[in-house]
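Below is the file start_33.txt, which contains compact mmCIF, C-alpha atoms.
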# COMPACT_ATOMS: atom_id res chain seq x y z
CA MET A 1225 -15.89 -25.23 0.54
CA LEU A 1226 -12.51 -26.99 0.42
CA ILE A 1227 -11.64 -26.03 3.97
CA GLN A 1228 -14.71 -27.89 5.31
CA LEU A 1229 -13.72 -31.03 3.40
CA ILE A 1230 -10.18 -30.81 4.83
CA LEU A 1231 -11.52 -30.57 8.39
CA MET A 1232 -13.90 -33.52 7.82
CA ILE A 1233 -11.01 -35.67 6.59
CA MET A 1234 -8.86 -34.62 9.54
CA SER A 1235 -11.61 -35.48 12.03
CA THR A 1236 -11.99 -39.02 10.65
CA CYS A 1237 -8.32 -39.92 10.03
CA SER A 1238 -6.24 -41.01 12.99
CA GLY A 1239 -2.87 -39.28 13.22
CA ALA A 1240 -3.91 -36.52 10.85
CA GLY A 1241 -2.99 -33.88 13.40
CA SER A 1242 0.72 -34.60 13.18
CA LEU A 1243 0.59 -34.51 9.39
CA PHE A 1244 -0.85 -31.00 9.41
CA SER A 1245 1.29 -29.60 12.25
CA GLY A 1246 2.60 -26.17 11.28
CA SER A 1247 1.45 -26.54 7.67
CA MET A 1248 -0.91 -24.51 5.51
CA LEU A 1249 -3.28 -25.88 2.90
CA CYS A 1250 -4.46 -23.18 0.48
CA SER A 1251 -7.33 -22.97 -1.97
CA GLN A 1252 -8.28 -20.02 -4.11
CA LEU A 1253 -11.12 -17.83 -2.87
CA PRO A 1254 -13.15 -15.47 -5.09
CA ASP A 1255 -11.30 -12.63 -3.38
CA GLU A 1256 -7.62 -13.41 -3.96
CA ASN A 1257 -6.60 -11.03 -1.14
CA GLU A 1258 -8.62 -12.82 1.54
CA CYS A 1259 -7.09 -15.58 3.62
CA ILE A 1260 -9.11 -17.44 6.25
CA LEU A 1261 -7.25 -19.29 8.99
CA VAL A 1262 -8.99 -22.24 10.64
CA CYS A 1263 -7.57 -23.62 13.88
CA ILE A 1264 -6.76 -27.32 13.91
CA ASP A 1265 -6.01 -27.43 17.65
CA SER A 1266 -6.23 -24.69 20.25
CA VAL A 1267 -4.23 -21.67 19.07
CA ASP A 1268 -2.73 -19.01 21.34
CA VAL A 1269 -3.25 -15.36 20.44
CA PHE A 1270 -0.93 -12.53 21.54
CA THR A 1271 -1.14 -8.74 21.56
CA ARG A 1272 2.09 -8.48 19.58
CA PRO A 1273 3.85 -10.84 17.16
CA ASP A 1274 6.06 -12.55 19.73
CA SER A 1275 5.45 -15.44 22.13
CA SER A 1276 6.82 -13.32 25.01
CA ALA A 1277 4.14 -10.67 24.41
CA ILE A 1278 0.94 -10.49 26.46
CA PHE A 1279 -1.23 -13.56 25.97
CA MET A 1280 -4.77 -12.57 24.95
CA ILE A 1281 -6.89 -15.62 24.31
CA ARG A 1282 -6.80 -19.25 23.19
CA LEU A 1283 -8.83 -19.96 20.07
CA ALA A 1284 -10.68 -23.28 20.08
CA PRO A 1285 -10.36 -25.84 17.26
CA HIS A 1286 -12.36 -24.95 14.12
CA VAL A 1287 -12.51 -21.24 14.99
CA GLN A 1288 -11.98 -19.11 11.87
CA VAL A 1289 -10.35 -15.68 11.56
CA VAL A 1290 -9.52 -13.57 8.51
CA ILE A 1291 -5.79 -12.85 8.30
CA SER A 1292 -5.17 -9.22 7.36
CA GLY A 1293 -1.41 -8.86 7.97
CA ARG A 1294 1.74 -10.91 8.33
CA THR A 1295 5.25 -10.17 9.53
CA VAL A 1296 8.47 -11.03 7.75
CA ASP A 1297 9.16 -13.74 10.34
CA GLY A 1298 5.83 -15.49 9.82
CA TRP A 1299 3.42 -14.16 12.45
CA LEU A 1300 -0.18 -13.79 11.26
CA GLY A 1301 -2.38 -10.91 12.39
CA PHE A 1302 -6.16 -10.56 12.43
CA ASP A 1303 -8.56 -7.83 13.50
CA PRO A 1304 -10.47 -9.06 16.59
CA GLY A 1305 -13.50 -6.98 15.61
CA ILE A 1306 -13.69 -4.96 18.82
CA ALA A 1307 -13.69 -1.20 19.34
CA GLN A 1308 -10.11 0.13 19.35
CA ALA A 1309 -10.43 3.88 18.96
CA ALA A 1310 -6.94 4.50 20.34
CA ASN A 1311 -5.06 1.97 18.20
CA ILE A 1312 -3.88 2.29 14.60
CA GLY A 1313 -2.20 0.01 12.06
CA SER A 1314 -0.55 -3.13 13.41
CA PHE A 1315 -1.65 -2.31 16.95
CA ARG A 1316 -5.21 -3.16 15.92
CA LEU A 1317 -4.23 -6.74 15.13
CA ARG A 1318 -3.98 -9.81 17.34
CA TRP A 1319 -1.25 -12.28 16.48
CA ILE A 1320 -0.86 -16.01 15.85
CA ALA A 1321 2.53 -17.72 15.56
CA GLY A 1322 3.44 -19.12 12.17
CA ASP A 1323 4.12 -22.55 13.68
CA ALA A 1324 0.66 -22.84 15.25
CA ARG A 1325 -1.57 -25.70 14.07
CA TYR A 1326 -3.96 -24.39 11.44
CA VAL A 1327 -5.04 -24.63 7.83
CA THR A 1328 -5.86 -21.70 5.58
CA ASP A 1329 -8.26 -21.09 2.75
CA GLY A 1330 -6.68 -18.42 0.56
CA GLU A 1331 -3.09 -17.60 -0.27
CA ILE A 1332 -0.91 -16.41 2.62
CA SER A 1333 1.35 -14.80 0.02
CA CYS A 1334 -1.49 -12.42 -0.88
CA VAL A 1335 -1.68 -11.08 2.68
CA PRO A 1336 0.28 -7.80 3.03
CA VAL A 1337 3.50 -7.82 5.02
CA VAL A 1338 3.28 -5.32 7.89
CA TRP A 1339 5.55 -4.00 10.60
CA GLY A 1340 5.03 -5.75 13.94
CA PRO A 1341 5.52 -3.99 17.31
CA ARG A 1342 8.05 -5.62 19.63
CA PRO A 1343 7.03 -6.92 23.07
CA GLY A 1344 7.91 -4.88 26.14
CA ILE A 1345 8.20 -1.60 24.22
CA THR A 1346 5.96 1.39 24.93
CA TYR A 1347 5.08 3.04 21.63
CA ALA A 1348 3.73 6.40 20.59
CA MET A 1349 1.25 6.06 17.74
CA ILE A 1350 1.24 9.12 15.50
CA TYR A 1351 -2.09 10.05 13.94
CA GLU A 1352 -1.00 13.14 12.02
CA SER A 1353 2.37 14.32 10.74
CA SER A 1354 4.11 16.02 13.67
CA ALA A 1355 7.37 17.81 14.46
CA LEU A 1356 10.09 16.34 16.67
CA TYR A 1357 11.92 18.87 18.85
CA SER A 1358 15.40 18.85 20.34
CA GLU A 1359 13.96 19.62 23.78
CA PRO A 1360 10.54 19.16 25.37
CA ASP A 1361 9.70 22.71 24.35
CA SER A 1362 8.04 23.96 21.17
CA ASN A 1363 10.50 26.88 21.14
CA SER A 1364 13.45 24.52 20.71
CA SER A 1365 14.81 23.53 17.30
CA VAL A 1366 12.97 21.00 15.15
CA VAL A 1367 14.99 17.80 14.76
CA ASP A 1368 12.76 16.12 12.21
CA SER A 1369 9.14 15.23 11.62
CA VAL A 1370 7.22 11.98 11.81
CA PRO A 1371 4.55 11.04 9.24
CA SER A 1372 1.03 10.02 10.09
CA SER A 1373 0.18 6.39 10.86
CA CYS A 1374 3.66 5.48 12.13
CA ALA A 1375 4.91 4.41 15.56
CA ALA A 1376 8.07 4.97 17.59
CA GLY A 1377 9.39 3.82 20.94
CA ILE A 1378 9.08 6.17 23.92
CA VAL A 1379 12.38 6.27 25.84
CA SER A 1380 11.78 9.17 28.22
CA LYS A 1381 9.00 11.54 29.21
CA THR A 1382 8.03 14.71 30.99
CA GLU A 1383 4.56 15.62 32.15
CA ASP A 1384 3.57 16.83 28.68
CA TRP A 1385 6.19 15.42 26.27
CA TYR A 1386 7.62 12.09 25.10
CA LEU A 1387 11.14 11.46 23.81
CA LEU A 1388 10.89 9.18 20.79
CA ASP A 1389 13.55 6.90 19.36
CA LEU A 1390 12.64 6.35 15.72
CA SER A 1391 14.97 3.35 15.48
CA ILE A 1392 12.47 1.55 17.73
CA GLY A 1393 9.44 1.53 15.51
CA SER A 1394 8.06 1.36 12.03
CA LEU A 1395 10.40 4.02 10.57
CA GLU A 1396 13.67 2.42 11.77
CA GLN A 1397 15.59 5.72 11.60
CA HIS A 1398 18.38 6.58 14.03
CA ILE A 1399 16.77 9.82 15.20
CA GLU A 1400 15.57 10.95 18.61
CA GLY A 1401 13.30 13.88 19.35
CA TRP A 1402 10.56 15.17 21.60
CA ILE A 1403 6.89 15.19 20.70
CA ARG A 1404 3.88 16.60 22.53
CA ALA A 1405 2.04 13.91 24.48
CA ALA A 1406 -1.24 15.39 23.33
CA ASP A 1407 -0.32 14.67 19.68
CA VAL A 1408 -0.01 10.90 20.06
CA SER A 1409 -1.68 7.87 21.57
CA VAL A 1410 0.27 5.37 23.67
CA ASN A 1411 0.38 1.59 23.36
CA GLY A 1412 2.26 -0.04 26.24
CA ASN A 1413 3.09 0.73 29.85
CA LEU A 1414 4.06 4.37 30.44
CA ASP A 1415 4.99 3.58 34.04
CA THR A 1416 8.17 1.86 32.80
CA ILE A 1417 9.38 5.03 31.03
CA PRO A 1418 11.85 7.19 33.01
CA LEU A 1419 10.88 10.77 33.82
CA THR A 1420 13.18 13.52 32.57
CA GLU A 1421 13.57 16.59 34.75
CA VAL A 1422 13.10 19.82 32.79
CA TYR A 1423 15.19 22.78 33.90
CA ARG A 1424 14.12 26.15 32.62
CA ALA A 1425 16.28 29.24 32.75
CA CYS A 1426 14.98 32.10 34.85
CA TYR A 1427 15.11 35.58 33.36
For this file, produce the structure as structure tokens.
Amino acid sequence: MLIQLILMIMSTCSGAGSLFSGSMLCSQLPDENECILVCIDSVDVFTRPDSSAIFMIRLAPHVQVVISGRTVDGWLGFDPGIAQAANIGSFRLRWIAGDARYVTDGEISCVPVVWGPRPGITYAMIYESSALYSEPDSNSSVVDSVPSSCAAGIVSKTEDWYLLDLSIGSLEQHIEGWIRAADVSVNGNLDTIPLTEVYRACY
């Protein structure tokens, strides 16, 4: 395989590391949609595509991962192959910076571009299409709906509801609305989200 030959040459040539820093060498695989990344040096992996996100692990030289998503700004995501029942879409990926030291076998351009969650944001992951309400009450008016398999930032909460800002998420729409907590899964720290007091009229 071409990638093994590249690594053999690199291991025997002095100074080869600087020549390959931040670069990608591609060969065509039988499956044109598969791209294997091989670490040249140790490579840091993050939970989200940003160096300020939570650090997960450091991959050793020669470790290989299959890249299954990339962001518009060059981050590369791979599925770590562990059980993640609560996560969907991009939240299932672990991320490597585009300027890390690696080579690839397969075309990066064939890897699909995906939305990448921002660091420090607590997201609601929507499994099924759901209504957004004007208040944390199913008797209030419906503001909009969110499709399945999307994500939005949680900006406030009650005991049973989350206020979503769709501009912070995969939809990038300037809409806010409440959704039942039971209808979503959360990725991030809910303790950082302010609690909204709910006042109900007495009749």
Just how far from atom CA of Ala1376 of chain A is atom CA of Ser1292 of chain A, in Å to one decimal? 21.9 Å
Kindly extract all protein, DNA and RNA residues lying within 6 Å of the coordinates (-9.6, -18.9, 5.3) given in the file, considering only C-alpha atoms, and supply them as a ChimeraX atom specification. /A:1259-1261,1328-1330
Which residue, A:Asp1274, A:Val1290, A:Val1370, A:Val1267, has the smallest gap to Glu1331 of chain A when you use all atoms listed in the file? A:Val1290
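The spacing separating atom CA of Lys1381 of chain A from atom CA of Thr1420 of chain A amounts to 5.7 Å.
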Rank nothing, just name the residue among A:Ser1409, A:Asp1297, A:Val1262, A:Val1338 nearest to Asn1311 of chain A, using all atoms listed in the file.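 Of A:Ser1409, A:Asp1297, A:Val1262, A:Val1338, the one nearest Asn1311 of chain A, counting all atoms listed in the file, is A:Ser1409.
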Non-local contacts of Arg1316 of chain A (12 Å; all atoms listed in the file; under 3 positions in same chain excluded) as a PyMOL selection string: chain A and resi 1270-1273+1292-1293+1301-1313+1319+1338+1340-1341+1349+1411
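For segment 1412-1415 of chain A, the non-local neighbours within 8 Å, defined as residues at least 2 positions apart in the same chain or in other chains and counting all atoms listed in the file, are Gly1344, Ile1345, Thr1346, Tyr1347, Val1410, Ile1417 and Pro1418 of chain A.
Using all atoms listed in the file, the shortest contact distance between Pro1336 of chain A and any of A:Gly1322, A:Gly1393, A:Pro1285, A:Gly1298 is found at A:Gly1298.
When all atoms listed in the file are used to compute distances to Glu1352 of chain A, the closest of the residues A:Cys1263, A:Val1422, A:Ala1375, A:Val1269 turns out to be A:Ala1375.
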Fewer than 2 positions away in the same chain doesn't count, so skip those; otherwise give me all residues within 8 Å of Tyr1386 of chain A, counting all atoms listed in the file, as a ChimeraX atom specification. /A:1360,1378-1382,1384,1388,1402-1405
Between atom CA of Val1335 of chain A and atom CA of Glu1258 of chain A, what is the distance, to one decimal in Å?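 Rounded to one decimal, the two atoms are 7.2 Å apart.
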Could you give me, as a list in words, the residues within 12 Å of His1398 of chain A, counting all atoms listed in the file and dropping anything in the same chain fewer than 2 positions from it? Val1367, Asp1368, Ala1376, Gly1377, Leu1388, Asp1389, Leu1390, Ser1391, Ile1392, Gly1393, Ser1394, Leu1395, Glu1396, Glu1400 and Gly1401 of chain A
Select, from A:Ile1320, A:Val1296, A:Ala1355, A:Leu1387, the residue with the minimum atom-to-atom distance to Trp1339 of chain A, counting all atoms listed in the file. A:Val1296
